[in-house]
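Heads up: the structure comes next, in structure tokens.
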Amino acid sequence: VSSVCLWLWRSMYESLLVKDSVRVAPEDMSKPTKTAVSEILVLKYVGKILPERGLVIAVSSIEHIDDAMVHAGDGGVHMRVRFRLVVFAPFAGELMTGKVVHMDASGLQLSLKFCDAIFVPAREMPPNSRYVPAAMDKVVDEDG
């Protein structure tokens, strides 16, 4: 596996403040409230892409949990929650470091520590980079 090093222009991570409602199931009510809510938020958000925002990689904090409400006919409790997500949100042309998982004429598939499915299209590669099938282990910069 090769490494490719690309420069950072700004942070590719964003802290995003989110408000949402969660339902804590009856079987989870014995857990501390913050623990139960955190587990629900991780399942709901981490690893998902938020349109126009990026890939959620962590729930970084729970800032506020409203009082629980019970809905008729539902054994769970519902709460409004305010929390922060860490979102991987690189901008077009941003440079980063990762391991090359796969490379072909269409671009590179990179592995970062938290995700193995980052795809960099060939059109977004640095100028003078090109795919050389015989090399298969490096990106070639024609200027040296």
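Residue numbering restarts at 1 in every chain; chains get A, B, ... in the order shown in the structure tokens, and ligands count up from 1 in that same order.
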
Margin query: According to DSSP computed on the backbone, where in chain A is there helix (DSSP H, G or I)? Give the residues as a PyMOL selection string.
Written below: chain A and resi 26-28+33-45+122-124

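Separating atom CA of Ala122 of chain A from atom CA of Glu52 of chain A is a distance of 22.0 Å.
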
Next item on the list: Using only C-alpha atoms, pick whichever of A:Ile65, A:Ala117, A:Val70, A:Val18 has the shortest atom-to-atom distance to Leu50 of chain A.
Entry: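 Among A:Ile65, A:Ala117, A:Val70, A:Val18, it is A:Val18 that comes nearest to Leu50 of chain A.
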
Check: So how far away is atom CA of His102 of chain A from atom CA of Met125 of chain A, in Å?
Finding: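 Computed distance, atom CA of Met125 of chain A to atom CA of His102 of chain A, equals 14.5 Å.
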